[in-house]
Amino acid sequence: MKRRLLLGILLFFCTTLSAQQRPNVIIIYADDLGYGDLGCYGATKIKTPNMDRLAKRGIRFTNGHATSASCTPSRYALMTGQYPWRKTGTGILPGDAALIISTDKMSLASLFKQASYQTAMVGKWHLGLGDQVRKNWNGAIKPGPNEIGFDYSFIFPATADRVPTVFVENHHVVASDPSDPIQVDYQKKIGNDPTGLENPELLKMKASPNQGHNNTIVNGIGRIGFMTGGTKARWTDEEMPLTFLTKSLEFIEENKSKPFFLFHALTEPHVPRMPSTMFKGKSGLGYRGDAILQIDWAVGQILNKLEQLGLDKHTMIILSSDNGPVLDDGYADEAVTALNGHTPWGALRGGKYSAFEAGTRVPFIVSWPALIKPGISDAMISQVDFLASFATMLKTKVPAGHAPDSENMLDALLGKSPNGRKIMVKEGMKTLSITRGDWKYIEPSNARPVNPLVNIELGNSPTAQLYNLKSDIGEKKNLAAENPDRVRELAEQLKVFKPKEN
């Protein structure tokens with residue numbers, strides 16, 4: 001009897017240890033969600049109870065960053081552990097782009113797959129598909145998520161405001177019809193579908209004329225790029241995020257007895273903001289606010305599913321965003337006129353596309369109830385570090401030359417250390433910055449200082465900028481002239497992280 005009891009105790013502790021060492025991992029990745037968009041980050045005009053619940057049971061990072069102030073580059077860095085500016089072609093991609101991630105190098109997905117995890121990619125992809133731009137949308141489309149380590153993928157190719165507006169499950173467009181073949185072109189109009197430019201009377205959401213949202217109309221909304229065919233395959237904006245959520249919940253259910261890695265890439269609150277009917281008008285902040293309510297609800301559904309299956313304590317959840325916020329991004333959706341005092345950027349300066357802090361400093365929450373003690377961390381961390389950090393957790397070696405910019409930040413992510421990165425490099429639109437300790441240096445740039453299309457300061461200046469983020473998180477006072485030695489130091493240090501000139 002005593003022997004059985006002892007064996008039972010040993011089995012219990014071994015099982016517990018194994019669960020703690022190999023948790024399920026879910027990354028919930030929002031699109032254009034700002035540092036000040038969540039209640040736990042200071043928002044008072046909008047309620048986000050589920051994301052706040054996640055923060056209360058985990059660590060809320062105050063200095064967590066995407067590598068870049070726009071979507072494709074940040075996603076590339078997160079998946080590869082490499083700064084995107086080191087590789088050409090990693091800017092914001094059109095919807096017909098080829099895959100930009102190398103299939104012969106370790107990715108975040110292949111790392112988990114190598115560790116015998118079940119892996120899934122659900123939601124916005126925007127890293128290219130196939131090996132060429134001119135691809136056959138009516139056959140097998142590869143390489144893609146499956147070729148970089150995801151066992152299962154259910155995505156749309158680019159962004160919701162770009163064609164093709166279809167779901168791709170693994171290698172095939174969902175509900176494709178050979179008699180109605182899909183064609184996509186980003187250079188010229190194809191087919192007879194109405195466009196926002198030619199038929200504005202058909203639009204249920206007006207678009208700004210200068211941002212390209214006046215091409216093929218799908219679901220009453222003008223998109224970037226031209227598309228014809230695939231009539232049955234086209235999704236509607238109101239149901240698309242709910243479909244992604246359903247697929248993620250199904251994956252969790254199907255893999256409840258195995259370790260799994262799920263990358264759930266939200267499309268909200270990126271434009272076009274057309275939330276499901278049950279959220280329209282609920283926030284009082286226009287469709288952007290309604291889309292944030294929809295995000296929060298989806299997070300709650302995932303938390304509830306984990307609790308229902310008894311997986312909540314041994315599942316690590318990371319919630320973050322690919323870049324900072326933008327309000328008027330090409331559609332008339334009341335994001336500006338119904339703001340009602342809400343500050344999506346919080347106390348930060350700038351926003352999406354910007355080298356200022358609001359471009360890359362984003363919500364960053366890590367929860368793992370079995371191991372992480374709730375709290376707040378000021379550690380400076382970056383999404384580019386996920387690959388090296390998880391490799392350490394899974395006791396897997398990253399091959400030489402792979403993930404060159406990823407650092408092991410596991411102790412910071414788990415709350416075991418208050419220390420994060422010593423140096424962080426980030427990317428605005430064509431402008432790099434480097435932060436060391438409290439000091440941030442933005443390299444000189446002759447690019448335009450403000451993006452007039454979205455009315456956001458880009459952080460560009462023909463002269464060097466230096467800010468002390470500890471005393472001036474809003475980057476209001478440029479201290480470069482008073483600290484020439486520090487400027488020179490940081491400028492030299494930044495050169496190490498820039499691509500070599502030919």
# chains A, B, ... in the order shown; residues from 1 in each chain; ligands from 1
>>> residues_around(residues="segment 245-256 of chain A", least_positions_apart="5", cutoff="8 Å", atoms="only C-alpha atoms", output="list in words")
Gln118, Ala120, Val122, Phe154, Leu262, His264, Ala298, Ile302, Lys305, Leu306, Leu309 and Leu311 of chain A
>>> residues_around(residues="Lys476 of chain A", least_positions_apart="4", cutoff="10 Å", atoms="only C-alpha atoms", output="MDAnalysis selection string")
chainID A and resid 348:349 467:469 472
>>> write_last_selection(atoms="N, CA and C atoms", output="PDB file, in the first residue's frame")
ATOM      1  N   LEU A 348       1.878  57.722 -24.828  1.00  0.00           N
ATOM      2  CA  LEU A 348       2.966  57.657 -25.802  1.00  0.00           C
ATOM      3  C   LEU A 348       2.746  58.615 -26.966  1.00  0.00           C
ATOM      4  N   ARG A 349       3.811  58.816 -27.722  1.00  0.00           N
ATOM      5  CA  ARG A 349       3.754  59.682 -28.901  1.00  0.00           C
ATOM      6  C   ARG A 349       3.795  58.830 -30.162  1.00  0.00           C
ATOM      7  N   TYR A 467      15.988  60.743 -26.503  1.00  0.00           N
ATOM      8  CA  TYR A 467      14.984  60.926 -25.450  1.00  0.00           C
ATOM      9  C   TYR A 467      15.320  60.043 -24.251  1.00  0.00           C
ATOM     10  N   ASN A 468      15.020  60.559 -23.063  1.00  0.00           N
ATOM     11  CA  ASN A 468      15.115  59.753 -21.852  1.00  0.00           C
ATOM     12  C   ASN A 468      13.722  59.238 -21.539  1.00  0.00           C
ATOM     13  N   LEU A 469      13.498  57.968 -21.797  1.00  0.00           N
ATOM     14  CA  LEU A 469      12.147  57.403 -21.676  1.00  0.00           C
ATOM     15  C   LEU A 469      11.700  57.263 -20.224  1.00  0.00           C
ATOM     16  N   ASP A 472      10.624  60.929 -19.655  1.00  0.00           N
ATOM     17  CA  ASP A 472       9.884  61.541 -20.755  1.00  0.00           C
ATOM     18  C   ASP A 472       9.369  60.454 -21.696  1.00  0.00           C
TER      19      ASP A 472
END
>>> select_by_dssp(residues="segment 42-174 of chain A", states="alpha helix (DSSP H)", output="list of chain:residue names")
A:Pro49, A:Asn50, A:Met51, A:Asp52, A:Arg53, A:Leu54, A:Ala55, A:Lys56, A:Cys71, A:Thr72, A:Pro73, A:Ser74, A:Arg75, A:Tyr76, A:Ala77, A:Leu78, A:Met79, A:Thr80, A:Leu108, A:Ala109, A:Ser110, A:Leu111, A:Phe112, A:Lys113, A:Gln114
>>> residues_around(residues="Ala338 of chain A", least_positions_apart="2", cutoff="10 Å", atoms="only C-alpha atoms", output="VMD selection string")
chain A and resid 283 to 289 333 to 336 340 to 342
>>> write_last_selection(atoms="N, CA and C atoms", output="PDB file, in the first residue's frame")
ATOM      1  N   SER A 283     -19.797  50.082 -28.177  1.00  0.00           N
ATOM      2  CA  SER A 283     -18.699  50.762 -27.474  1.00  0.00           C
ATOM      3  C   SER A 283     -18.928  52.254 -27.311  1.00  0.00           C
ATOM      4  N   GLY A 284     -19.715  52.841 -28.201  1.00  0.00           N
ATOM      5  CA  GLY A 284     -19.864  54.291 -28.204  1.00  0.00           C
ATOM      6  C   GLY A 284     -18.665  54.999 -28.803  1.00  0.00           C
ATOM      7  N   LEU A 285     -17.717  54.238 -29.354  1.00  0.00           N
ATOM      8  CA  LEU A 285     -16.503  54.820 -29.932  1.00  0.00           C
ATOM      9  C   LEU A 285     -16.389  54.526 -31.426  1.00  0.00           C
ATOM     10  N   GLY A 286     -17.528  54.262 -32.052  1.00  0.00           N
ATOM     11  CA  GLY A 286     -17.484  53.938 -33.475  1.00  0.00           C
ATOM     12  C   GLY A 286     -17.085  52.489 -33.689  1.00  0.00           C
ATOM     13  N   TYR A 287     -16.916  52.116 -34.964  1.00  0.00           N
ATOM     14  CA  TYR A 287     -16.625  50.725 -35.285  1.00  0.00           C
ATOM     15  C   TYR A 287     -15.276  50.258 -34.740  1.00  0.00           C
ATOM     16  N   ARG A 288     -14.308  51.172 -34.576  1.00  0.00           N
ATOM     17  CA  ARG A 288     -13.021  50.740 -34.013  1.00  0.00           C
ATOM     18  C   ARG A 288     -13.211  50.271 -32.574  1.00  0.00           C
ATOM     19  N   GLY A 289     -13.959  51.026 -31.806  1.00  0.00           N
ATOM     20  CA  GLY A 289     -14.239  50.610 -30.431  1.00  0.00           C
ATOM     21  C   GLY A 289     -15.029  49.320 -30.383  1.00  0.00           C
ATOM     22  N   ASP A 333     -15.273  55.484 -40.628  1.00  0.00           N
ATOM     23  CA  ASP A 333     -15.915  54.563 -39.688  1.00  0.00           C
ATOM     24  C   ASP A 333     -16.049  55.161 -38.283  1.00  0.00           C
ATOM     25  N   GLU A 334     -15.952  56.473 -38.181  1.00  0.00           N
ATOM     26  CA  GLU A 334     -16.115  57.213 -36.918  1.00  0.00           C
ATOM     27  C   GLU A 334     -14.978  56.966 -35.920  1.00  0.00           C
ATOM     28  N   ALA A 335     -13.878  56.397 -36.385  1.00  0.00           N
ATOM     29  CA  ALA A 335     -12.766  56.150 -35.467  1.00  0.00           C
ATOM     30  C   ALA A 335     -12.246  57.452 -34.862  1.00  0.00           C
ATOM     31  N   VAL A 336     -12.326  58.530 -35.623  1.00  0.00           N
ATOM     32  CA  VAL A 336     -11.864  59.837 -35.130  1.00  0.00           C
ATOM     33  C   VAL A 336     -13.020  60.617 -34.509  1.00  0.00           C
ATOM     34  N   ASN A 340     -14.334  60.257 -28.406  1.00  0.00           N
ATOM     35  CA  ASN A 340     -14.908  60.498 -27.079  1.00  0.00           C
ATOM     36  C   ASN A 340     -13.879  60.519 -25.945  1.00  0.00           C
ATOM     37  N   GLY A 341     -12.693  61.057 -26.230  1.00  0.00           N
ATOM     38  CA  GLY A 341     -11.689  61.167 -25.177  1.00  0.00           C
ATOM     39  C   GLY A 341     -10.813  59.945 -24.992  1.00  0.00           C
ATOM     40  N   HIS A 342     -11.091  58.872 -25.724  1.00  0.00           N
ATOM     41  CA  HIS A 342     -10.251  57.670 -25.642  1.00  0.00           C
ATOM     42  C   HIS A 342      -8.896  57.950 -26.283  1.00  0.00           C
TER      43      HIS A 342
END
>>> select_by_dssp(residues="segment 55-104 of chain A", states="strand (DSSP E or B)", output="PyMOL selection string")
chain A and resi 59-61+64-65+68
>>> write_last_selection(atoms="C-alpha atoms", output="short mmCIF file (atom, residue, chain, number, x, y, z; two decimals), in the first residue's frame")
data_model
loop_
_atom_site.label_atom_id
_atom_site.label_comp_id
_atom_site.auth_asym_id
_atom_site.auth_seq_id
_atom_site.Cartn_x
_atom_site.Cartn_y
_atom_site.Cartn_z
CA ILE A 59 2.29 39.53 -16.10
CA ARG A 60 1.47 42.84 -17.74
CA PHE A 61 4.57 44.21 -19.42
CA GLY A 64 6.94 45.15 -24.49
CA HIS A 65 7.45 45.77 -28.20
CA SER A 68 8.28 47.32 -36.31
#
>>> closest_residue(among="A:Thr159, A:Asn478, A:Gln114, A:Asn460", to="Trp439 of chain A", atoms="only C-alpha atoms")
A:Asn478
>>> closest_residue(among="A:Gly330, A:Pro449, A:Gly401, A:Pro275", to="Arg223 of chain A", atoms="only C-alpha atoms")
A:Gly330
>>> atom_distance(atom1="atom CA of Ser176 of chain A", atom2="atom CA of Ala233 of chain A")
5.5 Å
>>> residues_around(residues="Thr463 of chain A", least_positions_apart="3", cutoff="10 Å", atoms="only C-alpha atoms", output="list in words")
Ile442, Glu443, Pro444, Ser445, Asn446, Asn460, Ala480 and Ala481 of chain A
>>> closest_residue(among="A:Ala265, A:Val184, A:Met106, A:Asn323", to="Val299 of chain A", atoms="only C-alpha atoms")
A:Ala265
>>> residues_around(residues="Gly34 of chain A", least_positions_apart="2", cutoff="12 Å", atoms="only C-alpha atoms", output="number ranges by chain")
A: 30-32, 36-39, 41-43, 64-66, 69, 268-270, 288-289, 292, 320-327, 342-352, 357-364
>>> write_last_selection(atoms="N, CA and C atoms", output="short mmCIF file (atom, residue, chain, number, x, y, z; two decimals), in the first residue's frame")
data_model
loop_
_atom_site.label_atom_id
_atom_site.label_comp_id
_atom_site.auth_asym_id
_atom_site.auth_seq_id
_atom_site.Cartn_x
_atom_site.Cartn_y
_atom_site.Cartn_z
N ALA A 30 -3.10 40.64 -31.91
CA ALA A 30 -4.04 41.63 -32.43
C ALA A 30 -3.39 42.44 -33.56
N ASP A 31 -4.19 43.18 -34.27
CA ASP A 31 -3.73 43.93 -35.43
C ASP A 31 -4.06 45.41 -35.25
N ASP A 32 -3.05 46.23 -34.99
CA ASP A 32 -3.21 47.68 -34.77
C ASP A 32 -3.81 48.03 -33.41
N GLY A 36 -2.78 52.01 -25.28
CA GLY A 36 -3.80 52.55 -24.39
C GLY A 36 -5.20 52.05 -24.66
N ASP A 37 -5.33 50.96 -25.42
CA ASP A 37 -6.65 50.45 -25.82
C ASP A 37 -7.29 49.50 -24.81
N LEU A 38 -6.55 49.09 -23.80
CA LEU A 38 -7.04 48.12 -22.82
C LEU A 38 -7.25 48.78 -21.46
N GLY A 39 -8.24 48.30 -20.73
CA GLY A 39 -8.48 48.81 -19.39
C GLY A 39 -7.27 48.63 -18.49
N TYR A 41 -4.30 48.78 -19.22
CA TYR A 41 -3.26 49.74 -19.60
C TYR A 41 -3.74 51.18 -19.46
N GLY A 42 -4.86 51.37 -18.78
CA GLY A 42 -5.30 52.72 -18.46
C GLY A 42 -6.51 53.23 -19.20
N ALA A 43 -7.07 52.46 -20.12
CA ALA A 43 -8.24 52.93 -20.86
C ALA A 43 -9.44 53.04 -19.92
N GLY A 64 6.91 46.23 -23.51
CA GLY A 64 6.94 45.15 -24.49
C GLY A 64 6.71 45.69 -25.89
N HIS A 65 7.44 45.16 -26.86
CA HIS A 65 7.45 45.77 -28.20
C HIS A 65 7.33 44.76 -29.33
N ALA A 66 6.70 45.22 -30.42
CA ALA A 66 6.88 44.61 -31.73
C ALA A 66 8.18 45.18 -32.28
N ALA A 69 6.77 49.13 -36.72
CA ALA A 69 5.54 49.89 -36.55
C ALA A 69 4.52 49.58 -37.64
N GLU A 268 -8.75 42.30 -36.04
CA GLU A 268 -9.17 43.57 -35.45
C GLU A 268 -8.05 44.20 -34.63
N PRO A 269 -8.08 45.56 -34.46
CA PRO A 269 -9.02 46.52 -35.04
C PRO A 269 -8.53 47.15 -36.34
N HIS A 270 -7.85 46.35 -37.18
CA HIS A 270 -7.40 46.82 -38.50
C HIS A 270 -8.62 47.13 -39.37
N ARG A 288 -14.31 51.17 -34.58
CA ARG A 288 -13.02 50.74 -34.01
C ARG A 288 -13.21 50.27 -32.57
N GLY A 289 -13.96 51.03 -31.81
CA GLY A 289 -14.24 50.61 -30.43
C GLY A 289 -15.03 49.32 -30.38
N ILE A 292 -12.78 46.40 -30.88
CA ILE A 292 -12.01 46.05 -29.68
C ILE A 292 -12.87 45.24 -28.72
N SER A 320 -0.63 40.14 -27.52
CA SER A 320 0.11 41.32 -27.94
C SER A 320 -0.45 41.83 -29.26
N SER A 321 0.27 42.77 -29.88
CA SER A 321 -0.19 43.38 -31.12
C SER A 321 0.99 43.55 -32.06
N ASP A 322 0.71 43.62 -33.36
CA ASP A 322 1.79 43.72 -34.34
C ASP A 322 2.37 45.12 -34.46
N ASN A 323 1.65 46.12 -34.02
CA ASN A 323 2.14 47.51 -34.03
C ASN A 323 1.14 48.36 -33.28
N GLY A 324 1.42 49.65 -33.22
CA GLY A 324 0.55 50.55 -32.48
C GLY A 324 -0.70 50.94 -33.24
N PRO A 325 -1.48 51.87 -32.68
CA PRO A 325 -2.80 52.18 -33.22
C PRO A 325 -2.80 53.18 -34.37
N VAL A 326 -3.85 53.11 -35.15
CA VAL A 326 -4.13 54.10 -36.18
C VAL A 326 -5.64 54.30 -36.17
N LEU A 327 -6.08 55.53 -36.38
CA LEU A 327 -7.51 55.82 -36.36
C LEU A 327 -8.06 55.91 -37.78
N HIS A 342 -11.09 58.87 -25.72
CA HIS A 342 -10.25 57.67 -25.64
C HIS A 342 -8.90 57.95 -26.28
N THR A 343 -7.81 57.43 -25.68
CA THR A 343 -6.46 57.64 -26.21
C THR A 343 -5.82 56.27 -26.50
N PRO A 344 -5.95 55.78 -27.71
CA PRO A 344 -5.41 54.46 -28.05
C PRO A 344 -3.91 54.33 -27.83
N TRP A 345 -3.19 55.43 -27.88
CA TRP A 345 -1.73 55.43 -27.70
C TRP A 345 -1.32 55.65 -26.25
N GLY A 346 -2.28 55.85 -25.36
CA GLY A 346 -1.97 56.10 -23.96
C GLY A 346 -1.15 57.38 -23.80
N ALA A 347 -0.07 57.31 -23.03
CA ALA A 347 0.79 58.48 -22.79
C ALA A 347 1.90 58.58 -23.82
N LEU A 348 1.88 57.72 -24.83
CA LEU A 348 2.97 57.66 -25.80
C LEU A 348 2.75 58.62 -26.97
N ARG A 349 3.81 58.82 -27.72
CA ARG A 349 3.75 59.68 -28.90
C ARG A 349 3.80 58.83 -30.16
N GLY A 350 3.07 59.28 -31.19
CA GLY A 350 3.09 58.58 -32.46
C GLY A 350 1.96 57.56 -32.58
N GLY A 351 2.19 56.53 -33.35
CA GLY A 351 1.20 55.48 -33.59
C GLY A 351 1.73 54.56 -34.66
N LYS A 352 0.86 53.83 -35.31
CA LYS A 352 1.28 52.94 -36.39
C LYS A 352 2.15 53.70 -37.39
N GLU A 357 7.44 55.91 -29.71
CA GLU A 357 7.12 54.73 -28.92
C GLU A 357 5.77 54.09 -29.25
N ALA A 358 4.78 54.89 -29.57
CA ALA A 358 3.45 54.32 -29.83
C ALA A 358 3.41 53.46 -31.09
N GLY A 359 4.48 53.53 -31.89
CA GLY A 359 4.54 52.70 -33.08
C GLY A 359 4.79 51.24 -32.77
N THR A 360 5.59 50.97 -31.72
CA THR A 360 5.98 49.59 -31.43
C THR A 360 5.71 49.15 -30.00
N ARG A 361 5.56 50.08 -29.06
CA ARG A 361 5.27 49.67 -27.68
C ARG A 361 3.79 49.33 -27.61
N VAL A 362 3.49 48.08 -27.34
CA VAL A 362 2.13 47.56 -27.49
C VAL A 362 1.71 46.80 -26.24
N PRO A 363 0.41 46.50 -26.13
CA PRO A 363 -0.01 45.61 -25.04
C PRO A 363 0.77 44.31 -25.10
N PHE A 364 1.20 43.81 -23.95
CA PHE A 364 2.06 42.63 -23.92
C PHE A 364 1.79 41.91 -22.60
#
>>> residues_around(residues="Tyr76 of chain A", least_positions_apart="2", cutoff="12 Å", atoms="only C-alpha atoms", output="JSON, numbers by chain")
{"A": [66, 67, 68, 70, 71, 72, 73, 74, 78, 79, 80, 81, 82, 83, 84, 85, 86, 87, 88, 89, 90, 91, 92, 93, 99, 100, 101, 102, 107, 108, 125, 126, 127, 128, 148, 322, 383, 384, 386, 387, 403]}
